[in-house]
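Source file: model_33.cif. Holds: mmCIF, C-alpha atoms.
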data_work
#
loop_
_atom_site.label_atom_id
_atom_site.label_comp_id
_atom_site.auth_asym_id
_atom_site.auth_seq_id
_atom_site.Cartn_x
_atom_site.Cartn_y
_atom_site.Cartn_z
CA MET V 1011 0.00 0.00 0.00
CA TYR V 1012 1.51 3.30 -1.12
CA LEU V 1013 0.60 6.87 -0.27
CA THR V 1014 -1.89 8.08 -2.86
CA LYS V 1015 -2.26 11.66 -4.08
CA ILE V 1016 -5.77 13.10 -3.70
CA GLY V 1017 -4.93 16.70 -4.46
CA LYS V 1018 -2.27 19.36 -4.51
CA ASN V 1019 -1.63 22.69 -2.81
CA VAL V 1020 -0.25 25.10 -5.36
CA SER V 1021 1.84 26.92 -2.78
CA GLU V 1022 5.37 25.69 -2.27
CA THR V 1023 7.15 25.55 1.08
CA ASP V 1024 10.85 25.91 1.84
CA PRO V 1025 11.97 22.36 2.72
CA HIS V 1026 14.90 21.80 5.04
CA VAL V 1027 17.14 18.83 4.14
CA GLU V 1028 19.91 17.26 6.20
CA PHE V 1029 22.35 14.49 5.33
CA GLU V 1030 23.85 13.07 8.52
CA LYS V 1031 26.59 10.47 8.61
CA LEU V 1032 25.62 8.05 11.39
CA ALA V 1033 28.46 5.58 10.79
CA ASP V 1034 31.11 5.01 8.13
CA ASP V 1035 28.60 2.98 6.12
CA LEU V 1036 25.28 4.66 7.04
CA VAL V 1037 23.77 8.05 6.17
CA MET V 1038 20.40 9.40 7.31
CA VAL V 1039 18.56 11.74 4.96
CA SER V 1040 16.01 13.91 6.79
CA VAL V 1041 13.57 16.17 4.98
CA ASN V 1042 11.33 18.66 6.75
CA ASN V 1043 9.03 19.37 3.83
CA ASP V 1044 7.24 22.24 5.59
CA PRO V 1045 9.16 23.92 8.43
CA ASN V 1046 6.22 26.29 8.99
CA ASP V 1047 3.86 23.40 9.79
CA ARG V 1048 3.71 23.55 13.58
CA SER V 1049 1.23 20.69 13.96
CA ARG V 1050 2.28 18.19 16.58
CA ILE V 1051 0.37 15.08 15.52
CA PHE V 1052 1.46 13.23 12.42
CA SER V 1053 0.76 9.80 11.01
CA TYR V 1054 3.55 7.79 9.45
CA TRP V 1055 3.81 5.57 6.38
CA ARG V 1056 6.84 3.28 6.56
CA LEU V 1057 8.48 1.11 3.92
CA SER V 1058 10.37 -1.80 5.49
CA GLY V 1059 13.33 -2.05 3.12
CA ASP V 1060 15.56 -5.11 3.33
CA GLY V 1061 15.61 -5.15 7.13
CA SER V 1062 19.23 -4.10 7.51
CA ASN V 1063 18.29 -0.44 8.09
CA PRO V 1064 15.35 1.20 9.85
CA PRO V 1065 12.37 1.65 7.52
CA LEU V 1066 11.96 4.63 5.23
CA GLU V 1067 9.41 6.85 6.96
CA ILE V 1068 7.10 9.58 5.66
CA GLY V 1069 5.23 11.76 8.13
CA VAL V 1070 1.83 13.05 7.04
CA ASN V 1071 -0.05 15.94 8.66
CA SER V 1072 -3.12 14.24 10.13
CA GLN V 1073 -5.38 17.22 9.38
CA THR V 1074 -4.26 18.47 5.97
CA GLY V 1075 -2.83 15.30 4.41
CA THR V 1076 0.34 17.08 3.31
CA ILE V 1077 3.72 15.42 3.64
CA LYS V 1078 5.59 16.90 6.60
CA SER V 1079 8.72 14.75 6.87
CA ILE V 1080 10.75 12.09 5.10
CA THR V 1081 13.49 10.02 6.75
CA ILE V 1082 15.65 7.61 4.75
CA PHE V 1083 18.56 5.51 5.99
CA ILE V 1084 20.99 4.58 3.21
CA ASP V 1085 23.96 2.26 3.05
CA ALA V 1086 25.85 0.57 0.21
CA ASN V 1087 23.14 -2.11 -0.19
CA CYS V 1088 20.51 0.53 -1.05
CA PHE V 1089 22.17 1.69 -4.26
CA ARG V 1090 20.77 0.63 -7.63
CA GLU V 1091 20.50 2.30 -10.99
CA ILE V 1092 17.35 4.43 -10.98
CA SER V 1093 15.96 6.41 -13.85
CA PHE V 1094 12.85 8.48 -13.44
CA PRO V 1095 11.68 9.56 -16.88
CA ASP V 1096 10.67 13.13 -17.58
CA SER V 1097 6.96 13.38 -16.98
CA HIS V 1098 4.32 15.99 -16.43
CA ILE V 1099 5.83 18.44 -13.93
CA SER V 1100 3.79 20.58 -11.58
CA TYR V 1101 4.71 22.68 -8.57
CA GLY V 1102 3.47 22.77 -5.00
CA ASN V 1103 2.79 20.15 -2.34
CA MET V 1104 0.70 17.06 -2.76
CA ARG V 1105 -2.01 16.00 -0.37
CA VAL V 1106 -2.31 12.27 0.27
CA ASP V 1107 -5.25 10.06 1.13
CA ARG V 1108 -5.36 9.97 4.94
CA SER V 1109 -7.92 7.15 5.06
CA ILE V 1110 -5.11 4.57 5.26
CA PHE V 1111 -4.49 5.84 8.79
CA LYS V 1112 -7.05 4.63 11.32
CA LYS V 1113 -6.32 7.37 13.89
CA ALA V 1114 -4.05 10.35 14.49
CA ASN V 1115 -0.42 9.40 15.10
CA ASP V 1116 -0.98 6.04 13.37
CA TYR V 1117 1.73 3.99 11.68
CA VAL V 1118 1.13 2.09 8.44
CA ASP V 1119 3.86 -0.38 7.56
CA ALA V 1120 4.30 -1.48 3.94
CA GLU V 1121 6.43 -4.39 2.82
CA GLY V 1122 8.93 -3.62 0.10
CA HIS V 1123 12.37 -2.31 -0.64
CA TYR V 1124 13.61 1.17 -1.34
CA TYR V 1125 16.57 1.98 -3.53
CA ALA V 1126 18.86 4.99 -3.76
CA ALA V 1127 20.91 6.56 -6.54
CA LEU V 1128 23.05 9.60 -7.09
CA ALA V 1129 22.88 11.44 -10.41
CA GLY V 1130 25.18 14.45 -10.41
CA ASN V 1131 23.98 16.58 -7.54
CA LYS V 1132 20.60 14.83 -7.23
CA PHE V 1133 19.80 12.13 -4.65
CA MET V 1134 16.99 9.82 -5.77
CA CYS V 1135 15.04 7.20 -3.86
CA SER V 1136 12.69 4.74 -5.53
CA PHE V 1137 10.10 2.70 -3.66
CA HIS V 1138 9.98 -0.98 -4.61
CA GLY V 1139 11.71 -0.91 -7.98
CA GLN V 1140 10.93 0.53 -11.38
CA CYS V 1141 7.48 1.76 -12.41
CA ASP V 1142 5.92 4.11 -14.92
CA ILE V 1143 6.12 7.64 -13.56
CA ARG V 1144 3.26 9.83 -14.77
CA GLU V 1145 3.73 13.00 -12.75
CA ILE V 1146 6.44 14.83 -10.84
CA ILE V 1147 5.43 17.35 -8.19
CA VAL V 1148 8.22 19.77 -7.33
CA ASN V 1149 8.46 21.61 -4.01
CA GLN V 1150 11.62 23.72 -4.23
CA LYS V 1151 14.47 21.16 -4.16
CA ILE V 1152 12.22 18.14 -3.38
CA GLN V 1153 10.57 16.10 -6.16
CA PHE V 1154 7.75 13.61 -5.61
CA TYR V 1155 7.33 10.90 -8.27
CA LEU V 1156 3.83 9.52 -8.89
CA ASP V 1157 2.81 6.51 -10.94
CA ASP V 1158 -0.24 6.18 -13.22
CA GLN V 1159 -2.42 5.38 -10.17
CA ASP V 1160 -1.32 8.57 -8.33
CA GLN V 1161 0.76 6.51 -5.88
CA LEU V 1162 3.96 8.01 -4.49
CA ARG V 1163 6.75 5.83 -5.87
CA GLY V 1164 9.84 7.89 -5.18
CA ILE V 1165 11.42 11.15 -4.19
CA ALA V 1166 14.47 13.16 -5.14
CA VAL V 1167 16.47 15.91 -3.50
CA ASN V 1168 18.06 18.33 -5.97
CA ASN V 1169 20.94 20.76 -5.67
CA LEU V 1170 23.04 18.82 -3.18
CA THR V 1171 26.13 20.50 -1.80
CA ASP V 1172 29.58 19.06 -2.54
CA THR V 1173 29.72 17.81 1.06
CA GLU V 1174 26.39 15.97 0.66
CA VAL V 1175 27.46 14.45 -2.66
CA ASN V 1176 30.76 13.28 -1.17
CA MET V 1177 28.97 11.79 1.84
CA ILE V 1178 26.79 9.71 -0.48
CA LYS V 1179 29.68 8.77 -2.79
CA ALA V 1180 31.55 7.39 0.22
CA LEU V 1181 28.80 4.74 0.53
CA ILE V 1182 28.83 3.58 -3.07
#

In structure tokens, what does this structure look like?
Amino acid sequence: MYLTKIGKNVSETDPHVEFEKLADDLVMVSVNNDPNDRSRIFSYWRLSGDGSNPPLEIGVNSQTGTIKSITIFIDANCFREISFPDSHISYGNMRVDRSIFKKANDYVDAEGHYYAALAGNKFMCSFHGQCDIREIIVNQKIQFYLDDQDQLRGIAVNNLTDTEVNMIKALI
């Protein structure tokens, strides 16, 4: 079960992204997609991965359905070749179907792997392998990749610093 787009806010936010080296072979990517969102109760969609790292986690605002946070743990085993084709591009923030969450501060766990790639100064993460991408929603330096069923199937972080690129390259 993936997060499914039900709408889009046309206003963009100013996401805050951090790459933190947790160990020689492990980096945590943290995205605060909307630093101005001061809500305190979020629900979380998690993708299990291969079990060697904590799950990929996406925090969703329980009231608005917008994506608040993304946390990804990457190591050498996460890297695969990923290519997201150019698709219809729009700008803003997507709203996801909150009905998968039974209550506020709920956790929905999905089985499946996530894969990472580095293309120049862009970090990409694909959920559960290749798929046909139909739409890309861009919020500043964050890109959300949606398939033909409006399911979130990947993200990308653009305009990485040299330090961030080198931190990722050290894992590959």

List the neighbours of Thr1023 (chain V) out to 9 Å using only C-alpha atoms; skip same-chain residues closer than 5 positions along the sequence, and give me the result as a PyMOL selection string.
chain V and resi 1043-1046+1102-1103+1149-1150

Decode the PyMOL selection byres ((chain V and resi 1124) around 9) for the given file into explicit residues and return them as a list in words.
Leu1057, Ser1058, Gly1059, Asp1060, Pro1065, Leu1066, Cys1088, Gly1122, His1123, Tyr1125, Ala1126, Cys1135, Ser1136, Phe1137, His1138, Gly1139 and Gly1164 of chain V

With only C-alpha atoms counted, which protein, DNA or RNA residues have an atom no more than 9 Å from (-1.0, 26.8, -9.0) in the file frame? Please answer as a ChimeraX atom specification.
/V:1018-1021,1100-1102

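Take CA of Tyr1117 (chain V) and CA of Leu1156 (chain V): the distance between them is 21.4 Å.
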
Point (11.5, 21.3, -5.5), cut-off 9 Å, counting all atoms listed in the file, residues as a PyMOL selection string
chain V and resi 1022-1025+1101-1102+1147-1154+1166-1168

Answer key for the PyMOL selection byres ((chain V and resi 1077) around 12), residues as a PyMOL selection string
chain V and resi 1013-1015+1017-1019+1022-1023+1025+1041-1045+1047+1049+1052-1055+1067-1076+1078-1081+1102-1108+1149+1152-1154+1162+1165

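All residues of protein, DNA or RNA that reach within 12 Å of region 1172-1174 of chain V, judged by all atoms listed in the file and not counting those fewer than 6 positions away in the chain, are V:Val1027, V:Glu1028, V:Phe1029, V:Glu1030, V:Lys1031, V:Val1037, V:Met1038, V:Val1039, V:Leu1128, V:Gly1130, V:Asn1131, V:Lys1132, V:Phe1133, V:Ala1180, V:Leu1181.
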
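For Ala1127 (chain V), the residues within 7 Å (counting only C-alpha atoms, excluding itself and residues fewer than 5 positions away along the chain) are Phe1089, Arg1090, Glu1091, Ile1092, Phe1133, Met1134 and Cys1135 of chain V.
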
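Here CA of Val1175 (chain V) stands at a distance of 17.3 Å from CA of Asn1087 (chain V).
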
For CA of Ala1129 (chain V) and CA of Pro1064 (chain V), quote the distance in Å rounded to one decimal.
23.9 Å

Step by step, work through what the PyMOL selection byres ((chain V and resi 1095) around 10) selects in the shown file, and finish by giving those residues as a list of chain:residue names.
V:Ile1092, V:Ser1093, V:Phe1094, V:Asp1096, V:Ser1097, V:His1098, V:Cys1141, V:Asp1142, V:Ile1143, V:Arg1144, V:Glu1145, V:Ile1146, V:Tyr1155

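Compared by their closest atoms to Arg1050 (chain V), and using only C-alpha atoms, the residues V:Ala1114, V:Ile1182, V:Met1011, V:Ala1086 rank with V:Ala1114 nearest.
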